[in-house]
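Novice: Take this structure first; my questions come after.
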Amino acid sequence: MISANNLKPVIDKGLKFYIETYGCQMNVGDSEIVVSILTSDGYTHTENIEDADIILINTCSIRDNAEQRVWGRLREFSSYKKRRPSLIIGVIGCMAERLKERLIESDCGVDIVAGPDSYRTLPLLVNEAKSGGKGINVLLSREETYADISPVRLDRNGVSAFVSIMRGCNNMCSYCVVPYTRGGERSRNSDTIIAEVRDLIDKGYREVTLLGQNVNSYNYEGVTFAELMRRVASLSPLLRVRFATSHPKDLSDELLETMASFPNICKSIHLPAQSGSDTMLERMNRKYTRSWYLERIGAIRRYMPDCSISTDIIAGFCGETPEEHEATLSLMREVGYEFAYMFKYSEREGTKASRHMKDDIDDKVKTERLTEIINLQNELSLASNKRDIGKRFEVLIEGPSKRNPSELVGRNSQNKVCVFADTTHKPGDYVDVIVDDCSSATLLCHLAE
């Protein structure tokens with residue numbers, strides 16, 4: 001096996017590469033960085049996999065289901081390689097970091113394995129693969145933030161963009177693999193963030209989402225996350241500002257005051273709870289209690305009564321009792337979430353839970369509990385949307401509705417999807433709408449006069 005440390009001259013510039021992205025918004029942002037790195041080095045990005053000389057799959061390891069999807073896709077890619085032996089297949093991102101040996105030794109024809117901190121070396125790794133070896137770099141960094149790289153935006157509507165402000169995580173939740181696949185937390189130079197957002201505004205973008213594993217703990221040379229939000233929101237009143245994801249233990253009043261004082265900071269907070277039980281939260285090493293979490297919910301309501309709140313919920317974590325499950329359901333009812341990401345617990349090798357706890361909840365029980373959680377959230381989402389009937393919202397148009405091209409779709413400040421008939425406006429325009437009806441996922445509206 002050839003390492004990335006003994007490199008021959010780069011060959012075959014102009015190769016076409018195709019990239020597929022799985023997982024969170026951070027992975028979407030990373031794919032945009034990868035496209036920038038490779039195109040700057042002379043490679044050509046294609047959206048047609050049949051034209052590609054190089055296929056990259058940007059992966060997620062947060063849950064087993066995500067990894068299984070990638071393994072299935074890799075088997076499909078290997079059939080392409082049988083027809084075209086020169087095809088290069090690469091796995092990048094969290095799964096590459098976690099399963100590097102298994103990927104290289106698999107029968108899926110993987111030629112490149114690159115972790116989240118090694119994207120700058122991708123042209124060199126491609127060179128290694130073209131030379132007949134394996135291009136591998138999974139070294140984690142304490143400094144890498146890709147702050148100097150201008151991402152190539154893959155969102156074709158030119159309205160919304162992701163801006164990564166930090167990488168890694170220090171929280172060490174017992175179920176979570178992120179600190180092991182993305183390394184320790186480090187914040188990006190705030191000046192480079194402001195410069196990137198200014199460039200997006202100049203290019204006509206109307207919305208940015210600031211990304212980090214825990215944006216609340218952002219701090220670069222004394223610039224806190226609240227201060228960064230002030231600076232970004234002050235760049236243009238036409239720019240909407242969102243962020244993801246918040247950790248409850250670090251959600252400060254300073255941030256809530258900042259959000260409340262800027263009309264263009266969206267009134268929407270994703271605040272993962274994971275469980276409503278104190279004993280479960282302790283086993284998860286979440287570093288807060290149910291009462292702390294609810295106090296933060298109360299603070300959000302005081303500063304911004306119209307703010308929507310979404311969350312993450314895990315069903316069936318190690319040792320979960322029926323009472324702990326019921327505590328989660330009661331928390332959901334008490335908060336009344338607008339939306340939630342809900343999952344069955346899947347053990348991740350290397351985490352504290354995998355080393356010191358037993359994954360002892362039967363899969364059938366996990367499924368039953370997850371179904372209860374999903375059903376309850378559907379009720380909560382529908383109830384929230386029904387309360388919006390008759391209300392007026394400003395919507396940023398994203399494009400035509402997938403179901404009906406004669407209708408447009410956009411989101412309001414609360415991150416709710418609004419669909420309405422309109423033939424006069426275009427993506428990037430702001431319009432006022434009035435809600436006529438709803439489903440649990442969508443507000444059905446008409447243009448306000």
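All residue names refer to the structure tokens as shown: chains lettered A, B, ... in order, residues numbered from 1 in each chain, ligands numbered from 1 in order.
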Which residues, written as a PyMOL selection string, have at least one atom at most 12 Å from Glu334 (chain A), with only C-alpha atoms counted and residues fewer than 6 positions away on the same chain left out?
Specialist: chain A and resi 276+290-291+293-295+297-298+327-328+376-377+380
Novice: Counting only C-alpha atoms, what is within 7 Å of Ala315 (chain A), bar same-chain residues fewer than 6 positions away, as a PyMOL selection string?
Specialist: chain A and resi 343-345+366+369-370
Novice: Tell me, as a list in words, which residues lie within 12 Å of Trp292 (chain A), counting only C-alpha atoms; anything in the same chain fewer than 5 positions away does not count.
Specialist: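 Returned residues: His247, Pro248, Lys249, Asp250, Leu251, Ala273, Gly276, Ser277, Asp278, Leu281, Arg286, Lys287, Ile297, Gly298 and Ala299 of chain A.
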Novice: Would you mind listing what lies within 9 Å of Met229 (chain A) as a count of residues only, with only C-alpha atoms counted and same-chain residues fewer than 2 positions away left out?
Specialist: 14
Novice: Let me make sure I understand: among A:Val126, A:Leu228, A:Ala383, A:Ile37, which one has the smallest atom-to-atom distance to Ser439 (chain A) if we use only C-alpha atoms?
Specialist: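 Closest to Ser439 (chain A), using only C-alpha atoms: A:Ala383.
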Novice: So which residues touch Gly42 (chain A) within 10 Å, counting only C-alpha atoms, skipping near sequence neighbours fewer than 2 positions away, as a PyMOL selection string?
Specialist: chain A and resi 12-16+37-40+44-45+123
Novice: Excluding Arg355 (chain A) and any residue of its chain fewer than 6 positions from it, enumerate the residues within 12 Å of it, using only C-alpha atoms, and give them as number ranges by chain.
Specialist: A: 174-175, 318, 347-349
Novice: List the neighbours of Asn415 (chain A) out to 10 Å using only C-alpha atoms; skip same-chain residues closer than 5 positions along the sequence, and give me the result as a PyMOL selection string.
Specialist: chain A and resi 242+266-269+307-310+338-339+395+410
Novice: Write to file, as a PDB file, in the first residue's frame, the residues of the selection just made, with C-alpha atoms.
Specialist:
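Result went into again_21.pdb, see below:
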ATOM      1  CA  ARG A 242     -29.675  30.964  10.619  1.00  0.00           C
ATOM      2  CA  CYS A 266     -34.377  33.922  11.963  1.00  0.00           C
ATOM      3  CA  LYS A 267     -36.547  33.067  14.922  1.00  0.00           C
ATOM      4  CA  SER A 268     -35.781  29.369  14.892  1.00  0.00           C
ATOM      5  CA  ILE A 269     -33.561  27.334  17.224  1.00  0.00           C
ATOM      6  CA  CYS A 307     -39.517  31.458  17.937  1.00  0.00           C
ATOM      7  CA  SER A 308     -39.873  27.899  16.653  1.00  0.00           C
ATOM      8  CA  ILE A 309     -37.969  25.149  18.449  1.00  0.00           C
ATOM      9  CA  SER A 310     -36.864  21.849  16.951  1.00  0.00           C
ATOM     10  CA  GLU A 338     -42.345  22.336  15.741  1.00  0.00           C
ATOM     11  CA  PHE A 339     -40.090  19.638  14.295  1.00  0.00           C
ATOM     12  CA  VAL A 395     -41.224  34.242   3.090  1.00  0.00           C
ATOM     13  CA  GLY A 410     -40.075  29.165   0.580  1.00  0.00           C
TER      14      GLY A 410
END
Novice: Just asking: which residues within region 18-197 of chain A are strand (DSSP E) according to DSSP, as a ChimeraX atom specification?
Specialist: /A:18-21,44-45,54-59,88-93,112-114,135-137,160-164,166-167,186-187
Novice: With C-alpha atoms retained, could you export that selection as a short mmCIF file (atom, residue, chain, number, x, y, z; two decimals), in the first residue's frame?
Specialist:
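Generated output (out_39.cif):
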data_model
loop_
_atom_site.label_atom_id
_atom_site.label_comp_id
_atom_site.auth_asym_id
_atom_site.auth_seq_id
_atom_site.Cartn_x
_atom_site.Cartn_y
_atom_site.Cartn_z
CA TYR A 18 -18.60 13.26 -9.16
CA ILE A 19 -19.47 13.68 -5.47
CA GLU A 20 -22.39 12.33 -3.44
CA THR A 21 -23.13 13.62 0.04
CA THR A 44 -13.71 19.18 -13.43
CA HIS A 45 -16.86 18.71 -11.37
CA ILE A 54 -13.48 9.81 -10.04
CA ILE A 55 -16.45 9.04 -7.76
CA LEU A 56 -16.34 10.45 -4.23
CA ILE A 57 -18.86 9.66 -1.54
CA ASN A 58 -18.92 12.01 1.46
CA THR A 59 -20.09 9.94 4.40
CA ILE A 88 -11.29 5.83 -9.06
CA ILE A 89 -13.62 5.39 -6.08
CA GLY A 90 -13.07 7.43 -2.93
CA VAL A 91 -14.70 7.50 0.48
CA ILE A 92 -14.31 10.76 2.39
CA GLY A 93 -15.65 12.17 5.65
CA ILE A 112 -9.09 6.67 -1.73
CA VAL A 113 -9.90 7.12 1.96
CA ALA A 114 -9.77 10.69 3.26
CA GLY A 135 -4.52 7.17 -1.44
CA ILE A 136 -5.04 7.32 2.32
CA ASN A 137 -5.01 10.24 4.73
CA SER A 160 -29.22 29.90 0.59
CA ALA A 161 -25.68 28.93 1.56
CA PHE A 162 -23.95 27.11 4.41
CA VAL A 163 -20.96 28.75 6.12
CA SER A 164 -18.87 26.58 8.42
CA MET A 166 -16.02 25.77 13.46
CA ARG A 167 -15.09 22.10 13.31
CA ARG A 186 -11.68 24.65 16.94
CA SER A 187 -13.20 27.95 15.86
#
Novice: Running DSSP on the backbone, which parts of region 80-180 of chain A land in alpha helix (DSSP H), as a PyMOL selection string?
Specialist: chain A and resi 80-83+94-98+100-105+122-130+178-180
Novice: Any chance you could export the current selection's N, CA, C and O atoms as a compact mmCIF listing (two decimals), in the first residue's frame?
Specialist:
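Here's the written file part.txt:
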# COMPACT_ATOMS: atom_id res chain seq x y z
N TYR A 80 -19.72 -0.21 -11.61
CA TYR A 80 -19.23 0.73 -12.60
C TYR A 80 -17.76 0.44 -12.90
O TYR A 80 -17.31 0.51 -14.05
N LYS A 81 -17.03 0.10 -11.83
CA LYS A 81 -15.59 -0.10 -11.98
C LYS A 81 -15.28 -1.36 -12.79
O LYS A 81 -14.24 -1.43 -13.46
N LYS A 82 -16.15 -2.33 -12.73
CA LYS A 82 -15.95 -3.53 -13.55
C LYS A 82 -16.02 -3.19 -15.03
O LYS A 82 -15.33 -3.80 -15.85
N ARG A 83 -16.87 -2.22 -15.37
CA ARG A 83 -16.98 -1.79 -16.76
C ARG A 83 -15.85 -0.84 -17.14
O ARG A 83 -15.43 -0.79 -18.29
N CYS A 94 -16.60 11.23 7.65
CA CYS A 94 -16.57 10.57 8.95
C CYS A 94 -16.41 9.06 8.86
O CYS A 94 -15.70 8.44 9.66
N MET A 95 -17.08 8.43 7.91
CA MET A 95 -16.98 6.98 7.76
C MET A 95 -15.57 6.58 7.34
O MET A 95 -15.05 5.54 7.74
N ALA A 96 -14.93 7.42 6.53
CA ALA A 96 -13.54 7.17 6.13
C ALA A 96 -12.64 7.20 7.35
O ALA A 96 -11.73 6.36 7.50
N GLU A 97 -12.88 8.15 8.25
CA GLU A 97 -12.08 8.27 9.46
C GLU A 97 -12.29 7.06 10.37
O GLU A 97 -11.34 6.54 10.96
N ARG A 98 -13.52 6.60 10.47
CA ARG A 98 -13.86 5.55 11.43
C ARG A 98 -13.52 4.15 10.94
O ARG A 98 -13.13 3.29 11.73
N LYS A 100 -11.43 3.11 8.11
CA LYS A 100 -10.46 3.18 7.02
C LYS A 100 -9.97 1.80 6.56
O LYS A 100 -9.93 1.52 5.37
N GLU A 101 -9.60 0.92 7.52
CA GLU A 101 -9.08 -0.39 7.12
C GLU A 101 -10.16 -1.23 6.44
O GLU A 101 -9.90 -1.87 5.41
N ARG A 102 -11.35 -1.23 7.02
CA ARG A 102 -12.44 -2.03 6.43
C ARG A 102 -12.77 -1.56 5.01
O ARG A 102 -13.06 -2.38 4.13
N LEU A 103 -12.71 -0.27 4.78
CA LEU A 103 -13.02 0.26 3.46
C LEU A 103 -11.98 -0.17 2.43
O LEU A 103 -12.31 -0.63 1.33
N ILE A 104 -10.71 -0.05 2.79
CA ILE A 104 -9.64 -0.42 1.86
C ILE A 104 -9.63 -1.91 1.60
O ILE A 104 -9.37 -2.37 0.48
N GLU A 105 -9.93 -2.70 2.63
CA GLU A 105 -9.88 -4.15 2.48
C GLU A 105 -11.16 -4.75 1.93
O GLU A 105 -11.22 -5.95 1.65
N LEU A 122 -6.44 15.81 -1.26
CA LEU A 122 -7.17 14.97 -2.21
C LEU A 122 -6.52 14.90 -3.59
O LEU A 122 -6.45 13.81 -4.18
N PRO A 123 -6.02 16.01 -4.16
CA PRO A 123 -5.34 15.88 -5.45
C PRO A 123 -4.15 14.91 -5.40
O PRO A 123 -3.90 14.16 -6.35
N LEU A 124 -3.44 14.91 -4.29
CA LEU A 124 -2.31 13.99 -4.13
C LEU A 124 -2.79 12.55 -3.97
O LEU A 124 -2.17 11.62 -4.49
N LEU A 125 -3.89 12.38 -3.27
CA LEU A 125 -4.44 11.04 -3.07
C LEU A 125 -4.97 10.48 -4.39
O LEU A 125 -4.84 9.27 -4.66
N VAL A 126 -5.56 11.34 -5.22
CA VAL A 126 -5.99 10.91 -6.56
C VAL A 126 -4.77 10.46 -7.36
O VAL A 126 -4.80 9.43 -8.06
N ASN A 127 -3.68 11.21 -7.26
CA ASN A 127 -2.45 10.86 -7.96
C ASN A 127 -1.96 9.48 -7.53
O ASN A 127 -1.53 8.66 -8.36
N GLU A 128 -2.01 9.21 -6.23
CA GLU A 128 -1.61 7.90 -5.72
C GLU A 128 -2.46 6.79 -6.33
O GLU A 128 -1.96 5.74 -6.74
N ALA A 129 -3.77 7.03 -6.37
CA ALA A 129 -4.68 6.01 -6.91
C ALA A 129 -4.42 5.79 -8.40
O ALA A 129 -4.43 4.65 -8.89
N LYS A 130 -4.18 6.87 -9.15
CA LYS A 130 -3.89 6.75 -10.58
C LYS A 130 -2.58 6.01 -10.82
O LYS A 130 -2.40 5.37 -11.86
N VAL A 178 -18.79 11.68 16.84
CA VAL A 178 -18.25 12.88 16.18
C VAL A 178 -16.88 13.30 16.71
O VAL A 178 -15.98 13.61 15.92
N PRO A 179 -16.64 13.34 18.04
CA PRO A 179 -15.30 13.75 18.49
C PRO A 179 -14.19 12.84 17.97
O PRO A 179 -13.04 13.28 17.85
N TYR A 180 -14.54 11.59 17.66
CA TYR A 180 -13.53 10.65 17.19
C TYR A 180 -13.33 10.73 15.67
O TYR A 180 -12.27 10.38 15.16
Novice: Do you have the CA of Ala421 (chain A)-CA of Glu407 (chain A) distance handy?
Specialist: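 Atom-to-atom, CA of Ala421 (chain A) and CA of Glu407 (chain A) are spaced 4.4 Å apart.
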